[in-house]
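Participant: One structure is given below, represented as structure tokens, and several questions about it will come after.
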Amino acid sequence: MAKKEKFYVVWEGHRPGIYTKWEDCKAVINGFAGAKYKSFENFEVAKKAYQGHYEDYKGKSKAKPVLSEAQKLKIGEPNLYSIAVDAASSGNPGKMEYRGVDTQTEKQLFHQGPFDQGTNNIGEYLALVHGLAYLKKINSDRILYTDSRIAMSWVRQKTCKTKLVKTSKNQKVFDLIDRATQWLKNNAYTTKIVKWETKAWGEIPADFGRK
């Protein structure tokens with residue numbers, strides 16, 4: 001069987017570029033302090049990544065179902081009568097945004113950002129609260145999916161426990177946090193928040209695809 005082709009993107013190295021052989025990639029990153037590189041299985045994706053920022057791709061891989069059929073059967077299928085939310089952050093902190101989509105159609109229902117100097121956990125928290133407010137406003141009994149246990153915990157506690165320090169650069173992010181927290185404290189809701197089972201179902205439909 002022929003070896004699967006890979007494309008190696010080097011953002012920072014002795015000679016940045018896209019390489020088709022690991023040996024060539026290795027040669028331009030060896031001895032380079034702080035080298036930034038990642039492999040991709042598709043040239044178009046690699047090209048797009050090279051034109052973007054390493055922080056949007058580092059340490060990420062497209063999540064695929066990894067459970068056995070028996071395990072997936074036990075978990076069941078996702079409830080498509082729902083909305084799904086997700087966030088993305090280019091760096092920690094970095095430019096942050098979040099959105100909510102219809103789980104079945106993946107139609108975007110709301111989107112906010114990008115905001116300067118945010119974190120992924122903050123984005124997940126804001127996305128959940130926005131989803132709760134959205135469903136209450138339209139009087140919908142749909143459930144709400146998130147892949148962040150941290151955000152679920154913060155919502156239950158009605159507080160954002162970020163360790164991010166407030167500065168003039170992230171003032172807008174903290175204004176949104178305050179608004180979201182006040183909404184939780186001042187509003188009752190019946191929406192069920194459910195953890196998206198990534199290992200069984202793949203990436204959450206609201207995923208930004210930066211992997």
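We name chains A, B, ... following the order of the structure tokens; residues begin at 1 in each chain, and ligands are numbered from 1 as shown.
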Please identify all polymer residues within 12 Å of Val155 (chain A), counting only C-alpha atoms, omitting same-chain residues fewer than 2 positions from it, and present them as number ranges by chain.

Facilitator: A: 121-122, 124-132, 146, 148-153, 157-161, 177, 180-185, 189, 192-193

Participant: Would you list the contacts of Pro114 (chain A) as a list in words, taking every protein, DNA or RNA residue within 8 Å and counting only C-alpha atoms, but skipping same-chain residues closer than 2 positions in sequence?

Facilitator: Lys95, Met96, Glu97, Tyr98, Gln112 and Asp116 of chain A

Participant: Please report, as a PyMOL selection string, each residue of region 50-135 of chain A to which DSSP assigns strand (DSSP E or B) when run on this structure's backbone.

Facilitator: chain A and resi 82-91+94-102+108-118

Participant: Just the residues within 10 Å of Ala206 (chain A), please, counting only C-alpha atoms, with nothing from its chain fewer than 3 positions along; format it as a list in words.

Facilitator: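 Near neighbours after the sequence-gap exclusion: Ile83, Ala84, Val85, Asp86, Ala87, Tyr98, Arg99, Gly100, Val101, Asp102, Thr103, Glu106, Lys107, Gln108, Leu109, Tyr145, Thr146, Asp147, Glu203 and Gly209 of chain A.
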
Participant: Between CA of Thr105 (chain A) and CA of Glu41 (chain A), what is the spacing in Å?

Facilitator: 26.8 Å

Participant: According to DSSP computed on the backbone, where in region 161-195 of chain A is there helix (DSSP H, G or I)? Give the residues as a ChimeraX atom specification.

Facilitator: /A:171-186

Participant: Calculate how many Å separate CA of Ala133 (chain A) from CA of Thr198 (chain A), rounding to one decimal.

Facilitator: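 According to the coordinates, CA of Ala133 (chain A) and CA of Thr198 (chain A) are separated by 24.5 Å.
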